[in-house]
Each structure stands twice: as structure tokens, then as C-alpha cells.
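Shown next: final_24.cif, containing mmCIF, C-alpha atoms and all ligand atoms.
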data_data
#
loop_
_atom_site.label_atom_id
_atom_site.label_comp_id
_atom_site.auth_asym_id
_atom_site.auth_seq_id
_atom_site.Cartn_x
_atom_site.Cartn_y
_atom_site.Cartn_z
CA MET A 506 -4.42 42.55 35.85
CA ASN A 507 -6.98 43.09 33.12
CA ARG A 508 -4.30 43.50 30.57
CA PHE A 509 -2.69 40.31 31.79
CA LEU A 510 -5.99 38.46 31.47
CA SER A 511 -6.68 39.67 27.96
CA PHE A 512 -3.18 38.73 26.92
CA PHE A 513 -3.82 35.27 28.30
CA LEU A 514 -7.16 34.98 26.50
CA ALA A 515 -5.57 36.09 23.27
CA VAL A 516 -2.91 33.42 23.55
CA PHE A 517 -5.52 30.80 24.30
CA PHE A 518 -7.67 31.92 21.41
CA TRP A 519 -4.72 31.90 19.05
CA ALA A 520 -3.63 28.44 20.20
CA GLY A 521 -7.13 27.04 19.69
CA CYS A 522 -7.44 28.36 16.15
CA LYS A 523 -5.74 26.15 13.65
CA PRO A 524 -7.12 26.89 10.21
CA ALA A 525 -6.49 24.02 7.79
CA GLY A 526 -4.14 26.18 5.72
CA LYS A 527 -1.77 26.99 8.57
CA PRO A 528 1.55 25.18 8.65
CA LEU A 529 1.73 22.17 10.91
CA ARG A 530 2.84 23.03 14.42
CA VAL A 531 5.06 20.44 15.97
CA LYS A 532 5.71 20.15 19.68
CA PRO A 533 9.25 21.29 20.40
CA GLY A 534 11.77 18.50 20.22
CA LYS A 535 9.56 16.27 18.11
CA LEU A 536 10.41 15.17 14.63
CA LEU A 537 7.65 15.75 12.08
CA VAL A 538 7.16 12.66 9.91
CA CYS A 539 4.82 12.75 6.91
CA ALA A 540 3.62 9.53 5.27
CA VAL A 541 1.97 8.92 1.91
CA ASN A 542 -0.18 6.04 3.11
CA TYR A 543 -1.57 4.57 6.27
CA PRO A 544 0.66 1.48 6.53
CA LEU A 545 3.72 3.73 6.66
CA ALA A 546 2.04 6.16 9.06
CA TYR A 547 1.10 3.24 11.30
CA PHE A 548 4.64 1.80 11.29
CA ALA A 549 6.07 5.26 12.03
CA GLU A 550 3.64 5.77 14.93
CA ARG A 551 4.57 2.39 16.38
CA ILE A 552 8.33 2.87 15.99
CA GLY A 553 8.64 6.58 16.75
CA GLY A 554 6.07 6.68 19.55
CA ASP A 555 6.27 9.90 21.55
CA LEU A 556 9.49 10.98 19.86
CA ILE A 557 7.76 11.95 16.64
CA GLU A 558 4.61 13.46 15.30
CA VAL A 559 3.13 11.64 12.33
CA HIS A 560 1.15 13.45 9.69
CA PHE A 561 -0.95 11.38 7.31
CA PRO A 562 -3.61 13.57 5.73
CA LYS A 563 -7.31 12.77 5.71
CA ILE A 564 -7.89 11.40 2.23
CA ASP A 565 -11.20 10.41 0.72
CA GLY A 566 -10.44 7.39 -1.47
CA ASP A 567 -7.20 5.62 -2.29
CA PRO A 568 -4.11 7.59 -1.17
CA ALA A 569 -2.25 6.16 -4.19
CA PHE A 570 -4.37 8.37 -6.45
CA TRP A 571 -4.68 11.33 -4.09
CA LYS A 572 -4.50 14.78 -5.63
CA PRO A 573 -3.12 17.05 -2.88
CA SER A 574 -3.78 20.79 -2.82
CA ARG A 575 -0.90 23.23 -2.62
CA VAL A 576 -1.52 23.52 1.11
CA ASP A 577 -1.31 19.73 1.47
CA ILE A 578 2.01 19.68 -0.38
CA ARG A 579 3.33 22.52 1.81
CA LYS A 580 2.74 20.33 4.85
CA PHE A 581 4.83 17.54 3.35
CA GLN A 582 7.58 20.00 2.44
CA GLN A 583 7.72 21.12 6.07
CA ALA A 584 8.36 17.63 7.40
CA ASP A 585 11.68 16.43 8.81
CA VAL A 586 11.12 13.02 7.23
CA ILE A 587 8.85 12.15 4.29
CA LEU A 588 8.01 8.47 4.07
CA LEU A 589 7.38 7.30 0.52
CA ASN A 590 6.11 3.90 -0.47
CA GLY A 591 8.05 3.72 -3.72
CA ALA A 592 6.71 1.35 -6.41
CA THR A 593 5.04 4.30 -8.20
CA TYR A 594 2.76 4.92 -5.22
CA ALA A 595 1.45 8.46 -4.62
CA LYS A 596 1.06 9.54 -8.22
CA TRP A 597 1.14 13.17 -7.00
CA ARG A 598 4.89 12.85 -6.38
CA GLY A 599 5.50 13.70 -10.01
CA THR A 600 3.85 17.11 -9.63
CA ALA A 601 5.36 18.24 -6.33
CA SER A 602 8.95 18.90 -5.43
CA LEU A 603 9.98 17.29 -2.18
CA PRO A 604 13.50 17.74 -0.81
CA ASP A 605 15.59 14.62 -1.48
CA SER A 606 17.33 15.01 1.86
CA LYS A 607 14.04 14.34 3.64
CA THR A 608 12.48 11.60 1.53
CA VAL A 609 12.82 7.94 2.40
CA ASP A 610 11.81 5.37 -0.21
CA THR A 611 10.75 2.53 2.05
CA SER A 612 10.71 -0.10 -0.69
CA ALA A 613 14.09 0.82 -2.20
CA ASP A 614 15.91 -2.10 -0.56
CA PHE A 615 13.49 -4.88 -1.51
CA GLN A 616 15.30 -7.98 -2.65
CA ASP A 617 12.50 -9.24 -4.88
CA PRO A 618 11.68 -7.16 -7.92
CA LEU A 619 8.57 -4.99 -8.00
CA LEU A 620 5.74 -6.51 -10.00
CA PRO A 621 3.94 -5.23 -13.08
CA VAL A 622 0.15 -4.95 -13.03
CA LYS A 623 -1.83 -7.37 -15.14
CA VAL A 624 -5.51 -6.54 -15.38
CA GLU A 625 -8.19 -8.56 -17.12
CA VAL A 626 -10.73 -5.76 -17.31
CA GLU A 627 -9.73 -2.10 -17.43
CA HIS A 628 -12.00 0.94 -17.23
CA GLN A 629 -14.39 1.12 -14.34
CA HIS A 630 -15.64 4.30 -12.80
CA GLY A 631 -15.14 4.56 -9.07
CA LYS A 632 -15.62 7.39 -6.63
CA GLU A 633 -12.33 8.95 -7.77
CA GLY A 634 -13.40 8.72 -11.39
CA GLU A 635 -11.59 6.51 -13.83
CA HIS A 636 -8.08 5.56 -12.83
CA SER A 637 -5.53 3.20 -14.22
CA HIS A 638 -3.25 0.72 -12.54
CA ALA A 639 -1.05 0.33 -15.60
CA GLY A 640 2.61 0.03 -14.68
CA THR A 641 4.00 -1.12 -11.35
CA ALA A 642 1.95 -2.77 -8.62
CA PHE A 643 2.14 -0.63 -5.51
CA THR A 644 0.41 -2.41 -2.60
CA THR A 645 3.83 -3.70 -1.55
CA TRP A 646 2.88 -4.22 2.11
CA LEU A 647 0.42 -7.02 1.34
CA ASP A 648 3.44 -9.28 1.36
CA LEU A 649 4.01 -8.88 5.08
CA LYS A 650 7.70 -9.70 4.68
CA GLN A 651 7.95 -6.58 2.53
CA ALA A 652 5.89 -4.66 5.10
CA GLY A 653 8.56 -5.64 7.62
CA GLN A 654 11.28 -4.30 5.33
CA GLN A 655 9.40 -1.03 4.97
CA ALA A 656 9.09 -0.80 8.75
CA LYS A 657 12.84 -1.41 9.01
CA ALA A 658 13.54 1.38 6.53
CA ILE A 659 11.49 3.68 8.78
CA ARG A 660 13.41 2.54 11.85
CA ASP A 661 16.72 3.24 10.08
CA ALA A 662 15.57 6.69 8.95
CA LEU A 663 14.47 7.61 12.48
CA VAL A 664 17.67 6.30 14.06
CA LYS A 665 19.66 8.44 11.65
CA ARG A 666 17.81 11.56 12.78
CA LEU A 667 17.51 10.62 16.47
CA PRO A 668 20.71 8.68 17.22
CA ASP A 669 20.40 9.25 20.98
CA SER A 670 17.03 7.51 20.98
CA GLN A 671 18.22 4.40 19.16
CA PRO A 672 17.52 2.00 22.08
CA ILE A 673 13.84 2.97 22.31
CA LEU A 674 13.42 3.04 18.51
CA ASP A 675 14.96 -0.44 18.29
CA GLU A 676 12.75 -1.71 21.05
CA ASN A 677 9.59 -0.33 19.43
CA PHE A 678 10.63 -1.75 16.06
CA SER A 679 11.25 -5.19 17.58
CA ALA A 680 7.80 -5.22 19.16
CA LEU A 681 6.20 -4.27 15.83
CA ASN A 682 8.31 -6.75 13.91
CA LYS A 683 7.33 -9.54 16.28
CA GLU A 684 3.66 -8.86 15.66
CA LEU A 685 4.25 -8.65 11.91
CA SER A 686 5.93 -12.06 12.02
CA GLU A 687 3.03 -13.57 13.93
CA VAL A 688 0.47 -12.22 11.48
CA GLU A 689 2.68 -13.32 8.61
CA ALA A 690 2.72 -16.89 10.01
CA GLU A 691 -1.09 -16.87 10.23
CA LEU A 692 -1.37 -15.67 6.66
CA SER A 693 1.06 -18.32 5.40
CA GLU A 694 -0.96 -21.00 7.12
CA VAL A 695 -4.24 -19.82 5.59
CA ALA A 696 -2.65 -19.45 2.16
CA GLU A 697 -1.29 -22.97 2.32
CA LYS A 698 -4.83 -24.31 2.69
CA PHE A 699 -5.83 -22.54 -0.52
CA GLY A 700 -2.92 -23.97 -2.47
CA GLN A 701 -3.50 -23.18 -6.14
CA THR A 702 -7.29 -22.73 -5.78
CA PRO A 703 -8.19 -20.01 -8.29
CA LEU A 704 -9.24 -16.69 -6.74
CA VAL A 705 -10.40 -13.48 -8.41
CA GLY A 706 -9.35 -10.07 -7.18
CA SER A 707 -12.01 -7.41 -7.74
CA HIS A 708 -9.29 -4.78 -8.08
CA PRO A 709 -5.66 -5.12 -9.24
CA VAL A 710 -4.09 -4.71 -5.80
CA TYR A 711 -3.26 -8.27 -4.77
CA GLN A 712 -0.04 -8.92 -6.73
CA TYR A 713 2.32 -9.05 -3.74
CA LEU A 714 -0.17 -11.03 -1.68
CA ALA A 715 -0.27 -13.58 -4.50
CA ARG A 716 3.51 -13.74 -4.89
CA GLY A 717 4.31 -13.66 -1.19
CA TYR A 718 1.96 -16.48 -0.28
CA ASP A 719 1.81 -18.41 -3.54
CA LEU A 720 -1.87 -17.67 -4.08
CA ASN A 721 -3.46 -18.02 -7.50
CA ILE A 722 -5.16 -14.63 -7.96
CA ILE A 723 -6.22 -12.98 -11.21
CA SER A 724 -7.76 -9.53 -10.94
CA VAL A 725 -10.44 -7.58 -12.73
CA HIS A 726 -10.93 -3.85 -12.11
CA TRP A 727 -14.22 -3.47 -10.29
CA GLU A 728 -15.28 -1.09 -7.54
CA PRO A 729 -17.18 -2.26 -4.45
CA SER A 730 -19.88 0.38 -4.91
CA VAL A 731 -20.30 0.23 -8.70
CA MET A 732 -22.38 -2.45 -10.40
CA PRO A 733 -20.25 -3.74 -13.30
CA ASP A 734 -21.78 -3.30 -16.74
CA ALA A 735 -22.66 -6.18 -19.05
CA ALA A 736 -19.14 -6.21 -20.50
CA GLY A 737 -17.71 -6.50 -16.99
CA TRP A 738 -19.84 -9.53 -16.20
CA GLU A 739 -19.03 -11.11 -19.53
CA ALA A 740 -15.33 -10.63 -18.95
CA LEU A 741 -15.65 -12.29 -15.56
CA SER A 742 -17.47 -15.21 -17.08
CA ASN A 743 -14.78 -15.58 -19.75
CA LEU A 744 -12.07 -15.37 -17.13
CA ARG A 745 -13.74 -18.10 -15.07
CA LYS A 746 -13.65 -20.49 -18.03
CA LYS A 747 -9.88 -20.69 -17.64
CA HIS A 748 -9.71 -19.67 -13.97
CA PRO A 749 -12.78 -21.16 -12.23
CA ALA A 750 -12.69 -19.00 -9.10
CA LYS A 751 -15.38 -19.36 -6.46
CA ILE A 752 -14.12 -16.49 -4.31
CA MET A 753 -13.73 -12.84 -5.21
CA LEU A 754 -11.55 -10.67 -2.97
CA TRP A 755 -12.75 -7.14 -2.27
CA GLU A 756 -11.04 -4.08 -0.84
CA GLU A 757 -14.16 -3.31 1.15
CA GLU A 758 -17.69 -4.62 1.53
CA PRO A 759 -19.20 -4.65 -1.97
CA ALA A 760 -22.75 -3.47 -2.74
CA LYS A 761 -25.46 -5.97 -1.90
CA GLU A 762 -26.66 -6.36 -5.49
CA ILE A 763 -23.14 -7.25 -6.63
CA VAL A 764 -22.81 -9.81 -3.84
CA GLU A 765 -26.17 -11.32 -4.83
CA LYS A 766 -25.35 -11.52 -8.51
CA LEU A 767 -21.97 -13.10 -7.80
CA LYS A 768 -23.64 -15.57 -5.48
CA GLU A 769 -25.96 -16.66 -8.31
CA LEU A 770 -22.84 -17.42 -10.33
CA GLY A 771 -21.38 -19.42 -7.46
CA VAL A 772 -18.85 -16.77 -6.45
CA ALA A 773 -18.57 -15.73 -2.80
CA SER A 774 -17.37 -12.26 -1.81
CA VAL A 775 -14.60 -12.03 0.78
CA VAL A 776 -13.18 -8.69 1.95
CA PHE A 777 -9.39 -8.46 2.05
CA ASN A 778 -8.76 -4.79 2.71
CA PRO A 779 -5.26 -3.60 1.68
CA CYS A 780 -5.77 -0.75 4.18
CA GLY A 781 -3.76 1.84 2.26
CA ASN A 782 -5.98 4.41 3.96
CA ARG A 783 -6.90 4.78 7.61
CA HIS A 784 -9.67 2.42 8.70
CA ARG A 785 -12.67 3.94 10.50
CA SER A 786 -12.12 1.92 13.68
CA LEU A 787 -9.24 -0.57 13.43
CA ASP A 788 -5.50 -0.05 13.24
CA TRP A 789 -3.50 -1.47 10.34
CA LEU A 790 -2.47 -4.72 12.01
CA ALA A 791 -6.01 -5.33 13.27
CA VAL A 792 -7.29 -4.91 9.70
CA MET A 793 -4.70 -7.44 8.48
CA ARG A 794 -5.74 -9.88 11.19
CA THR A 795 -9.39 -9.45 10.23
CA ASN A 796 -8.53 -10.02 6.56
CA ILE A 797 -6.70 -13.22 7.37
CA SER A 798 -9.45 -14.63 9.52
CA ARG A 799 -12.05 -13.84 6.82
CA LEU A 800 -9.89 -15.52 4.20
CA GLY A 801 -9.28 -18.45 6.53
CA ALA A 802 -13.02 -18.93 6.98
CA GLY A 803 -13.25 -19.53 3.22
CA PRO A 804 -16.41 -18.86 1.26
CA PRO A 805 -19.33 -17.87 3.48
CA LYS A 806 -22.09 -20.54 3.57
CA GLN A 807 -24.32 -20.05 0.55
ZN ZN B 1 -8.01 1.11 -8.77
#
Would you mind writing the file out in C-alpha cells?
Amino acid sequence: MNRFLSFFLAVFFWAGCKPAGKPLRVKPGKLLVCAVNYPLAYFAERIGGDLIEVHFPKIDGDPAFWKPSRVDIRKFQQADVILLNGATYAKWRGTASLPDSKTVDTSADFQDPLLPVKVEVEHQHGKEGEHSHAGTAFTTWLDLKQAGQQAKAIRDALVKRLPDSQPILDENFSALNKELSEVEAELSEVAEKFGQTPLVGSHPVYQYLARGYDLNIISVHWEPSVMPDAAGWEALSNLRKKHPAKIMLWEEEPAKEIVEKLKELGVASVVFNPCGNRHRSLDWLAVMRTNISRLGAGPPKQ
């Protein structure tokens, strides 16, 4: 009896200990799906439901510029499906070998071409140090039509691996797609009100939002928590001579002193969070809805 009990305790103890370096343990019968950003993880969770286990690592900062450890990469290599964003997202891809048979480039079937990044002001230090957006714009999902295509690519990949579960995967995808279409309609309506009103993006992440909804956005490269230097402010003032924006879009709430200084210049700060990373309390669609209602409210009363 004693021996039986100690065996039991040992099993319990072992099951409760999951050091970070240990391989991911997946419940039997479940597909392990790894995602490089939160939008893809969210779509996978919605579509796969109980059939899959989604792994999106805890990342401090922008997942696009994440530098995974060897242990982190091991976890991705273990997955049954690896969801990539494409569009040069996840810069770490170049340094890690991931099996082709498992990777799914969710933006590979886009009809519209990917966009290049145009930045007015380069070089700002953020919490991840200096980083560059030179090359291809990667926040593809901010055109919600493209987000829908990425969700569809995930549905297709899951159906391929779980053909017997196609009806439930289709049903889950339809429910998600319906919500995406509703949010997309709201965004189109808000964007229409703006017409060609000039807007400034604080960070070069709004290219697909601008193209998808015909918004007139030019971006600088500022960080919400870093007061721009004199050159940064001068560049903004020069930009506003040709592009007289009264609203600056931010990825997250900017520092108070930046908000105040912008206000003095007649520029209101509005948060439009691309939500590439997990939000502290809201899911991806809720963040999009919040973005749209903030944008719809226009500049806050000065
Ligand atoms: Zn950046």
C-alpha cells in the first residue's frame, strides 16, 4: 500500500513539474500548433477549438522582432503545424531551421501584393533596442480581408491534418469569419468618414490598414514610451507641412509627456493597437473592435 502511495505521489509530482526547458507535452490525440504571432494563435484557437493545442510563446515586445532561445525554437520544431505570417514577419526564421512539411505561410495566397515600408523618420530606440522596418510591411492582418484569408489558410491546414473533423473546423471557421466580416464592415464605415484626412502613424505598421480602407496615413518611427528627440519633432513638423495631420495613431498608450506635447501642436493621440502580441485582458477581435471605436470617436476633445 505504501509503495503504491509513493508511486502515486511520484507520478503526481512529476506531472506537476514542467520546467520551461522541457518539451511541450500535448494531450493525446491533439494536434500541436505553434504560431509566430497572436493573430494567428487566436485564429487557430477559434478554428481548432478542443481539437488542437496552440502554443504562442510569452514574448516581451513585438513578436516580429523576437529573438527565441534554442529551447524556444525546439518547441516550434516539435509542433505538428507551424503557422507563419509570411511578409518577412518573425525575423528569427532566418536563423532557425523549421521543417517545410509543417510550416504554413498564411499570407502566401494573398491576391494583392505585399507592401514595402516607407518611413519618414528612422532610428528610434525602443524597449527592444533599435530595430528597422526596412523591407516588407508585415502587419498584414490590419486589412481584415487579409486577416480572413490568413484564417482560411489555417482552416485549410487543419482540415488537411484532421480530415475527419472537417465539419467542426468549417463551422468554427464560419463563425470566426462572420465576426471578421462584421468588424470589417465597422472599420470600412469609420474609414469612409475620414476620407483622405491626413493621419500620422507613430510607427510604420499601418500600411495594410491604409491600403485596405483607403486611409491617408504616413508614418514616423516613434515608440510610445520614448520621448522623441529634437530631430524627431522637427521631422514631424516638416512632415505636417505637406501632410497636415491632426491625429497620430499609436500601437499602445503613449507617455503622457508625448501626448501633451503633441496636443500643444494640435495633434491628438489615438491608440490603434495592431495586437501582434497577446493583449493583457482582451482577445484579438475585442482589441480590433476597441481600435475601431476609438478611431470612430475621432480626436478626443482638446
Ligand atoms: Zn518598430
Let me make sure I understand: among A:Lys535, A:Arg660, A:Lys683, A:Arg745, which one has the smallest atom-to-atom distance to Thr611 in chain A if we use all atoms listed in the file? A:Arg660
Interface rows for chain A against ligand ZN 1 (chain B): nearest pair, Å to one decimal, 8 Å, all atoms listed in the file, as JSON lines:
{"residue": "A:Asp567", "atom": "CA", "partner": "B:ZN1", "partner_atom": "ZN", "distance": 7.9}
{"residue": "A:Gly631", "atom": "CA", "partner": "B:ZN1", "partner_atom": "ZN", "distance": 7.9}
{"residue": "A:His636", "atom": "CA", "partner": "B:ZN1", "partner_atom": "ZN", "distance": 6.0}
{"residue": "A:Ser637", "atom": "CA", "partner": "B:ZN1", "partner_atom": "ZN", "distance": 6.3}
{"residue": "A:His638", "atom": "CA", "partner": "B:ZN1", "partner_atom": "ZN", "distance": 6.1}
{"residue": "A:His708", "atom": "CA", "partner": "B:ZN1", "partner_atom": "ZN", "distance": 6.1}
{"residue": "A:Pro709", "atom": "CA", "partner": "B:ZN1", "partner_atom": "ZN", "distance": 6.7}
{"residue": "A:Val710", "atom": "CA", "partner": "B:ZN1", "partner_atom": "ZN", "distance": 7.6}
{"residue": "A:His726", "atom": "CA", "partner": "B:ZN1", "partner_atom": "ZN", "distance": 6.7}
{"residue": "A:Trp727", "atom": "CA", "partner": "B:ZN1", "partner_atom": "ZN", "distance": 7.9}
{"residue": "A:Glu728", "atom": "CA", "partner": "B:ZN1", "partner_atom": "ZN", "distance": 7.7}
Excluding range 703-705 of chain A and its own-chain neighbours fewer than 3 positions away, which residues fall within 10 Å of it when counting only C-alpha atoms? Please give them as a ChimeraX atom specification. /A:699-700,708-709,711,715,720-725,741,744-745,747-755,772,774
Go through A:Ala740, A:Ile564, A:Leu663, A:Leu620 and flag the residue nearest Phe548 in chain A, using only C-alpha atoms for the distances.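 Ranked by minimum distance to Phe548 in chain A, first place goes to A:Leu663.
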Using all atoms listed in the file, pick whichever of A:Ala736, A:Ile797, A:Val764, A:Ala592 has the shortest atom-to-atom distance to Glu694 in chain A.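 Using all atoms listed in the file, the shortest distance to Glu694 in chain A belongs to A:Ile797.
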Option closest in space to Arg799 in chain A, from A:Leu692, A:Asp675, A:Leu667, A:Pro733 [counting only C-alpha atoms]: A:Leu692
